[in-house]
Each structure stands twice: as structure tokens, then as C-alpha cells.
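Everything below belongs to data-v9.txt, which stores compact mmCIF, C-alpha atoms.
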```
# COMPACT_ATOMS: atom_id res chain seq x y z
CA MET Q 1 2.12 14.37 1.98
CA THR Q 2 3.34 14.71 -1.59
CA SER Q 3 4.99 11.87 -3.43
CA SER Q 4 8.30 13.73 -3.71
CA ALA Q 5 8.35 14.52 0.03
CA LEU Q 6 7.70 10.87 0.80
CA GLU Q 7 10.42 9.79 -1.60
CA HIS Q 8 12.82 12.19 0.11
CA ILE Q 9 12.05 10.64 3.51
CA LEU Q 10 12.56 7.14 2.17
CA GLN Q 11 15.84 8.13 0.57
CA GLN Q 12 16.97 9.67 3.84
CA HIS Q 13 16.24 6.48 5.79
CA HIS Q 14 17.06 3.98 3.05
CA GLU Q 15 20.30 2.72 4.60
CA ASP Q 16 18.77 2.26 8.05
CA ALA Q 17 15.69 0.70 6.45
CA PHE Q 18 17.78 -1.86 4.61
CA LEU Q 19 19.79 -2.76 7.71
CA TRP Q 20 16.58 -3.09 9.73
CA ALA Q 21 14.98 -5.22 7.02
CA ARG Q 22 18.07 -7.44 7.10
CA GLN Q 23 17.80 -7.74 10.88
CA CYS Q 24 14.10 -8.62 10.58
CA CYS Q 25 14.98 -11.30 8.02
CA SER Q 26 17.46 -13.11 10.26
CA PHE Q 27 20.36 -11.12 8.74
CA ASP Q 28 19.65 -12.39 5.22
CA GLU Q 29 20.50 -9.73 2.63
CA ASP Q 30 18.56 -11.18 -0.29
CA GLN Q 31 15.39 -11.48 1.74
CA ALA Q 32 15.94 -7.98 3.07
CA LYS Q 33 16.09 -6.64 -0.51
CA ASP Q 34 12.79 -8.37 -1.37
CA VAL Q 35 11.11 -7.11 1.78
CA LEU Q 36 12.28 -3.54 1.25
CA GLN Q 37 11.05 -3.61 -2.35
CA LEU Q 38 7.66 -4.80 -1.13
CA VAL Q 39 7.62 -2.06 1.49
CA TYR Q 40 8.25 0.61 -1.15
CA LEU Q 41 5.53 -0.92 -3.32
CA LYS Q 42 3.09 -0.84 -0.39
CA ILE Q 43 3.88 2.83 0.13
CA LEU Q 44 3.52 3.62 -3.58
CA GLU Q 45 0.15 1.90 -3.74
CA GLY Q 46 -1.03 3.65 -0.58
CA ARG Q 47 -1.39 0.41 1.39
CA ALA Q 48 1.02 1.84 3.95
CA ARG Q 49 0.43 5.51 4.70
CA PHE Q 50 2.46 7.84 6.83
CA ASN Q 51 -0.06 9.62 9.05
CA GLU Q 52 2.60 11.73 10.80
CA LYS Q 53 1.57 10.40 14.24
CA SER Q 54 5.07 9.05 14.74
CA SER Q 55 8.47 9.84 13.27
CA PRO Q 56 9.04 8.70 9.66
CA LYS Q 57 11.73 6.28 10.82
CA THR Q 58 9.42 4.65 13.38
CA TRP Q 59 6.67 4.33 10.79
CA LEU Q 60 9.05 2.87 8.19
CA PHE Q 61 10.53 0.39 10.67
CA SER Q 62 7.04 -0.75 11.63
CA VAL Q 63 6.06 -1.30 7.98
CA ILE Q 64 9.29 -3.22 7.35
CA ARG Q 65 8.79 -5.46 10.37
CA TYR Q 66 5.22 -6.35 9.49
CA THR Q 67 6.09 -6.89 5.83
CA ALA Q 68 8.84 -9.30 6.87
CA ILE Q 69 6.37 -11.17 9.07
CA ASP Q 70 3.77 -11.22 6.27
CA GLN Q 71 6.31 -12.61 3.84
CA PHE Q 72 7.12 -15.39 6.22
CA LYS Q 73 3.45 -16.17 6.68
CA LYS Q 74 3.00 -16.34 2.93
CA GLY Q 75 5.68 -19.01 2.89
CA MET Q 76 8.14 -17.15 0.71
CA ALA Q 77 11.12 -19.20 1.82
CA MET Q 78 11.68 -16.69 4.53
CA GLU Q 79 12.47 -17.91 7.97
CA SER Q 80 10.53 -16.10 10.62
CA ILE Q 81 12.43 -14.19 13.18
CA ASP Q 82 10.63 -16.16 15.86
CA ASP Q 83 11.37 -19.56 14.41
CA HIS Q 84 14.92 -18.69 13.58
CA HIS Q 85 15.59 -17.60 17.09
CA GLY Q 86 14.04 -20.77 18.44
CA LEU Q 87 15.97 -22.89 15.96
CA ALA Q 88 19.24 -21.19 16.80
CA GLN Q 89 18.78 -21.96 20.44
CA VAL Q 90 18.08 -25.60 19.79
CA GLU Q 91 20.95 -26.05 17.35
CA THR Q 92 23.71 -24.13 19.01
CA GLY Q 93 22.82 -23.69 22.63
CA ILE Q 94 23.82 -20.70 24.70
CA ASP Q 95 26.93 -22.35 26.12
CA GLU Q 96 28.62 -22.64 22.75
CA PRO Q 97 31.20 -19.87 22.31
CA ARG Q 98 30.25 -17.36 19.62
CA GLU Q 99 32.34 -14.78 17.94
CA ASN Q 100 29.57 -13.82 15.66
CA TYR Q 101 27.52 -10.91 16.96
CA GLU Q 102 24.52 -11.85 14.89
CA GLN Q 103 24.46 -15.35 16.31
CA LEU Q 104 24.34 -13.94 19.82
CA ILE Q 105 21.39 -11.69 18.91
CA LYS Q 106 19.62 -14.64 17.33
CA GLN Q 107 19.77 -16.42 20.65
CA LEU Q 108 17.59 -13.76 22.23
CA SER Q 109 13.82 -13.84 21.91
CA PRO Q 110 12.57 -11.94 18.82
CA MET Q 111 11.20 -9.05 20.86
CA GLN Q 112 14.35 -8.76 22.96
CA GLY Q 113 16.61 -8.88 19.91
CA GLN Q 114 14.60 -6.33 17.99
CA ILE Q 115 14.34 -3.90 20.90
CA LEU Q 116 18.06 -4.07 21.62
CA LEU Q 117 18.83 -3.55 17.93
CA MET Q 118 16.49 -0.56 17.75
CA VAL Q 119 17.86 1.04 20.92
CA PHE Q 120 21.59 0.34 20.66
CA TYR Q 121 22.07 -0.01 16.90
CA HIS Q 122 19.50 2.41 15.50
CA HIS Q 123 19.49 4.81 18.49
CA MET Q 124 15.74 4.81 18.96
CA THR Q 125 13.85 5.47 22.17
CA LEU Q 126 11.78 2.87 23.99
CA GLU Q 127 8.65 4.80 22.99
CA ASP Q 128 9.63 4.39 19.35
CA CYS Q 129 10.32 0.69 19.90
CA ALA Q 130 6.89 0.25 21.49
CA GLN Q 131 5.29 1.89 18.45
CA VAL Q 132 7.23 -0.27 16.00
CA LEU Q 133 6.36 -3.46 17.86
CA GLN Q 134 2.84 -2.21 18.64
CA VAL Q 135 3.11 -3.03 22.33
CA SER Q 136 2.75 -0.90 25.43
CA ILE Q 137 5.73 1.02 26.73
CA GLY Q 138 5.70 -1.20 29.84
CA THR Q 139 5.96 -4.35 27.75
CA ALA Q 140 8.72 -2.81 25.65
CA ARG Q 141 10.65 -1.90 28.80
CA THR Q 142 10.32 -5.44 30.16
CA HIS Q 143 11.68 -6.96 26.94
CA TYR Q 144 14.45 -4.36 26.89
CA ASP Q 145 15.59 -5.07 30.47
CA ARG Q 146 15.46 -8.84 30.07
CA GLY Q 147 17.19 -8.66 26.70
CA LYS Q 148 19.97 -6.49 28.06
CA LYS Q 149 20.55 -8.81 30.97
CA ARG Q 150 20.56 -11.92 28.84
CA LEU Q 151 22.81 -10.52 26.11
CA LYS Q 152 25.25 -9.24 28.68
CA GLN Q 153 25.43 -12.69 30.23
CA MET Q 154 26.08 -14.23 26.83
CA ILE Q 155 28.79 -11.68 26.02
CA LEU Q 156 30.51 -12.33 29.33
CA LYS Q 157 30.26 -16.06 28.84
CA THR Q 158 31.75 -15.75 25.36
CA GLN Q 159 34.59 -13.59 26.66
CA GLU Q 160 35.35 -16.08 29.42
CA GLN Q 161 35.50 -18.92 26.91
CA ILE Q 162 37.87 -16.97 24.68
CA MET S 1 17.08 5.25 29.59
CA GLU S 2 19.90 3.29 31.14
CA LYS S 3 22.37 1.86 28.68
CA ASP S 4 25.13 -0.55 29.36
CA LYS S 5 28.69 0.19 28.26
CA GLU S 6 29.40 -3.41 27.29
CA LEU S 7 26.26 -3.59 25.22
CA GLU S 8 27.00 -0.26 23.58
CA LEU S 9 30.44 -1.56 22.66
CA PHE S 10 28.91 -4.78 21.34
CA PHE S 11 26.52 -2.95 19.04
CA ASP S 12 29.15 -0.41 18.00
CA GLU S 13 31.32 -3.28 16.83
CA LEU S 14 28.37 -4.83 15.04
CA ARG S 15 27.74 -1.52 13.28
CA VAL S 16 31.37 -1.35 12.19
CA LYS S 17 31.15 -4.89 10.90
CA ASP S 18 27.98 -4.02 9.00
CA GLN S 19 29.79 -1.30 7.07
CA SER S 20 31.02 -4.04 4.76
CA ILE S 21 27.44 -4.89 3.79
CA ASP S 22 26.59 -3.99 0.24
CA ILE S 23 23.53 -1.79 0.63
CA PRO S 24 21.53 -1.43 -2.61
CA GLU S 25 21.15 2.12 -3.82
CA PHE S 26 17.84 3.85 -3.40
CA GLU S 27 16.28 3.91 -6.85
CA GLY S 28 13.16 5.78 -5.87
CA LEU S 29 9.74 4.36 -5.45
CA PRO S 30 8.88 1.69 -8.02
CA LYS S 31 7.19 3.30 -11.00
CA PRO S 32 3.71 2.17 -12.00
CA LYS S 33 3.76 -0.10 -15.02
CA ALA S 34 3.59 1.83 -18.28
CA ASN S 35 0.82 1.15 -20.80
CA MET S 36 2.32 -1.54 -23.01
CA THR S 37 -0.46 -1.61 -25.66
CA PRO S 38 1.26 -1.24 -29.05
CA LEU S 39 0.43 1.85 -31.06
CA TRP S 40 -0.71 -0.16 -34.10
CA LEU S 41 -3.24 -2.01 -31.96
CA THR S 42 -4.64 1.20 -30.52
CA MET S 43 -4.89 2.72 -34.01
CA GLY S 44 -6.57 -0.41 -35.38
CA ILE S 45 -9.21 -0.43 -32.67
CA ALA S 46 -9.90 3.25 -33.23
CA ALA S 47 -10.26 2.77 -37.02
CA SER S 48 -12.55 -0.24 -36.57
CA LEU S 49 -14.79 1.69 -34.24
CA PHE S 50 -14.95 4.55 -36.70
CA LEU S 51 -15.88 2.28 -39.62
CA PHE S 52 -18.35 0.05 -37.83
CA ALA S 53 -19.86 2.63 -35.56
CA PRO S 54 -23.11 2.87 -37.62
CA LEU S 55 -23.58 -0.90 -37.28
CA ILE S 56 -22.88 -0.92 -33.60
CA TRP S 57 -24.81 2.20 -32.73
CA PRO S 58 -27.64 2.73 -35.35
CA GLU S 59 -28.94 6.23 -35.73
CA PRO S 60 -32.03 6.85 -33.59
CA VAL S 61 -35.35 6.92 -35.48
CA VAL S 62 -36.81 10.39 -35.44
CA ALA S 63 -40.60 10.48 -35.32
CA GLU S 64 -41.87 12.50 -38.27
CA ALA S 65 -45.09 14.48 -38.42
CA PRO S 66 -47.92 12.83 -40.42
CA THR S 67 -48.08 13.96 -44.02
CA GLU S 68 -51.85 14.38 -43.96
CA VAL S 69 -54.31 15.75 -41.47
CA ILE S 70 -57.96 14.76 -41.67
CA ILE S 71 -60.49 17.07 -40.05
CA ILE S 72 -63.87 15.56 -39.44
CA SER S 73 -66.55 17.98 -38.30
CA LEU S 74 -70.24 17.67 -37.68
CA GLU S 75 -72.37 20.50 -38.98
CA GLU S 76 -76.04 21.16 -38.94
CA THR S 77 -77.74 22.16 -42.18
CA ASP S 78 -80.64 24.59 -42.60
CA ASN S 79 -83.00 21.65 -42.64
CA GLN S 80 -81.69 20.68 -39.25
CA GLU S 81 -79.95 17.72 -40.67
CA GLN S 82 -76.60 16.79 -39.29
CA LEU S 83 -73.85 16.47 -41.78
CA PHE S 84 -70.36 15.19 -41.44
CA THR S 85 -67.76 17.07 -43.40
CA ILE S 86 -64.36 15.61 -43.95
CA GLU S 87 -61.46 17.85 -44.90
CA GLU S 88 -57.96 16.78 -45.83
CA THR S 89 -54.91 19.00 -45.54
CA THR S 90 -51.12 18.55 -45.45
CA TYR S 91 -50.60 20.74 -42.46
CA MET S 92 -52.60 22.48 -39.82
CA ASP S 93 -51.36 25.62 -38.21
CA THR S 94 -54.49 26.44 -36.29
CA TRP S 95 -57.84 24.84 -36.42
CA GLU S 96 -60.88 26.17 -34.73
CA SER S 97 -63.89 24.04 -34.12
CA PRO S 98 -67.07 25.38 -35.77
CA THR S 99 -68.85 24.93 -32.44
CA SER S 100 -66.15 26.54 -30.32
CA ALA S 101 -68.35 29.59 -29.90
CA LEU S 102 -70.70 27.45 -27.79
CA LEU S 103 -67.98 27.11 -25.20
CA THR S 104 -67.57 30.83 -24.67
CA SER S 105 -70.96 32.39 -25.62
CA TYR S 106 -73.52 31.11 -23.23
```

Please, can you express the file's structure as C-alpha cells?
Amino acid sequence: MTSSALEHILQQHHEDAFLWARQCCSFDEDQAKDVLQLVYLKILEGRARFNEKSSPKTWLFSVIRYTAIDQFKKGMAMESIDDHHGLAQVETGIDEPRENYEQLIKQLSPMQGQILLMVFYHHMTLEDCAQVLQVSIGTARTHYDRGKKRLKQMILKTQEQI
Amino acid sequence: MEKDKELELFFDELRVKDQSIDIPEFEGLPKPKANMTPLWLTMGIAASLFLFAPLIWPEPVVAEAPTEVIIISLEETDNQEQLFTIEETTYMDTWESPTSALLTSY
């Protein structure tokens, strides 16, 4: 794939890529900017190559997710999705009423939150989600079903409290 | 894939809320860093190499042909005495041994 064709794909998915990077960085915009810049650098240097086995969006989302995880592991003042979710649960608790949509998503497990975001927010299929998360379709479906059930409960609980 | 209306509504609202997010413009892939070596430095290195090249890389010594060729031959006189004759010359195109006939005429 030529450099210009790749650049065209990235431009096409830039907005979605940024929003996904933000979601992978616990909804932090500054961290999302850093991660996305690193993703583009990885692609430029050929460390992340699009092999056309999946859709460009699926490939890009996968690179973004793993770059966000790598950044956390390198200790770049980036909270991991996993830890943040765990922390949110400890600090706030599920029973506390929440108007903030992001806070509700943070209360889900990382996998559940990410799958629901990919399916409902980014309109991706479960097959795509499985590829992004590098899990089997069965595992993806389990996280999806449990996530749906749990988020629905939280939404209902929030509505009752309001 | 079964979707839930309440969840769809939840994420639709989240998407609407996210429209206020300031998304940075796509500026293309980061460009590789340009060569920042100043021109004067490049020119200086080139000039130095040109001037000091003979010191760094001396010309290879070419083996020259010897200026003199000495031909020593052993001849037999009429009295059956053996006699060495020594000839000196500056060059030798062809030289035939006086006894070369012995090799072919037998």
C-alpha cells in the first residue's frame, strides 16, 4: 500500500480514531492526542503495517488500543483502562447516581466497556471487536452480553434515583 | 446482533455530547526529520577531504620493471672448456637460450 493511500485511510478515520484513543485513555483528551501521534509514528516507521486482512478501521483501532496499553506500561502518566475501571468502582460504587455517561462506562470491566463502545458508538460488528481485542468471537460475545446487561442495570438504577 | 433500545439511546446521547470535543485536525503522517547539518559544515568537510586526501589515502606504489637485465649463459669453447658469458642490457624483448636447440632436436 502506498504512503498516500495509507494517509488517505488515516484521514478518513481520523475523527473516529481520536475518539477511540480518548476512550482507551479513560476519556482523557491530552493522552489521546499523544497516543494518536505515537500511532501515526508507528505507521510511518512501518512498526504497524496494514496487511489488509481486516478493515482499515479495525486495524487502526487495534493499533490505538495496544499503543494506549503500551504507554501505560511505560509509565507515561497514563492510567490504564483496567486500573481506572477498578479505581472508579472502588471510589464511586455502582449505587451512586451518575449523570455522566463516561462514568457509567468506566464502571464496566475494560473489555465490556470497550466492546459496548465499539458496537454501539462506533457501529462495529462483534467480529471486528474480537479482532481489535484479539480474542475469540465467543469471548467477545460473552463480554458483550454481560456488558449490555450490566450497563442496562446501571442506567435503570440511575433513572430510578433521578 | 441483538441491540438494546435503551443502550442505543445511551450511546447516541454520548455521541451527541462528544460533538463538543475539540478534535485535532489531521496533519498527515509525521514527516521524517530533515537533515539539519549546516551547509557550511558540509562544505568544510568536503574541502578538507579534498585537501588532505593524499595524506589519508597515499597513492599506491606501482612496481616498475628493472632498469637492467643480466643474462648469464654457459657456453662451451672449441677446446671443450666451459665459459660463462655475462651480458647486460636495458631491456629484453625475446631471449633464446643458446642450448634451446637441445630441447627440440634430439

| field | Neighbours of chain S in chain Q at 10 Å, counting only C-alpha atoms, as an NGL selection string | value | :Q and (3-4 or 6-8 or 10-16 or 18-19 or 29 or 33 or 37-45 or 100-102 or 116-117 or 119-122 or 125-126 or 141 or 145 or 148-149 or 151-152 or 155-156)

| query | So which residues touch segment 108-114 of chain Q within 6 Å, counting all atoms listed in the file, skipping near sequence neighbours fewer than 3 positions away, as number ranges by chain? | reply | Q: 82, 105, 117, 143-144, 147

| request: Measuring atom to atom with only C-alpha atoms, identify which of Q:Asp28, Q:Phe50, Q:Val135, Q:Lys73 is nearest to Ala5 of chain Q. | output: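 Of Q:Asp28, Q:Phe50, Q:Val135, Q:Lys73, the one nearest Ala5 of chain Q, counting only C-alpha atoms, is Q:Phe50.
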
Find the residues around Ile71 of chain S up to 7 Å (all atoms listed in the file counted), leave out those fewer than 4 positions away in its own chain, and share them as a PDB file with C-alpha atoms, in the coordinates of the input.
```
ATOM      1  CA  ILE S  86     -64.360  15.610 -43.950  1.00  0.00           C
ATOM      2  CA  GLU S  87     -61.460  17.850 -44.900  1.00  0.00           C
ATOM      3  CA  GLU S  88     -57.960  16.780 -45.830  1.00  0.00           C
TER       4      GLU S  88
END
```

| Between atom CA of Val63 of chain Q and atom CA of Gln134 of chain Q - distance in Å to one decimal |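 We find that atom CA of Gln134 of chain Q and atom CA of Val63 of chain Q lie 11.2 Å from each other.
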
| task | For atom CA of Arg65 of chain Q and atom CA of Cys24 of chain Q, determine how far apart the two atoms are, in Å to one decimal place. | result |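 The value is 6.2 Å.
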
| Which distance in Å separates atom CA of Val132 of chain Q and atom CA of Ala68 of chain Q, to one decimal? |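 Interatomic distance, atom CA of Val132 of chain Q to atom CA of Ala68 of chain Q: 12.9 Å.
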
| task | Would you be able to write out as a ChimeraX atom specification which residues have an atom within 9 Å of (2.9, -1.7, 11.5) in the file's coordinates, counting all atoms listed in the file? | result | /Q:48,59-67,131-134

Centre and edges of the segment 152-155 of chain Q box, axis-aligned, 4 Å extra per side, as lines of an AutoDock Vina configuration file:
```
center_x = 27.0
center_y = -11.7
center_z = 28.1
size_x = 11.5
size_y = 13.0
size_z = 12.2
```
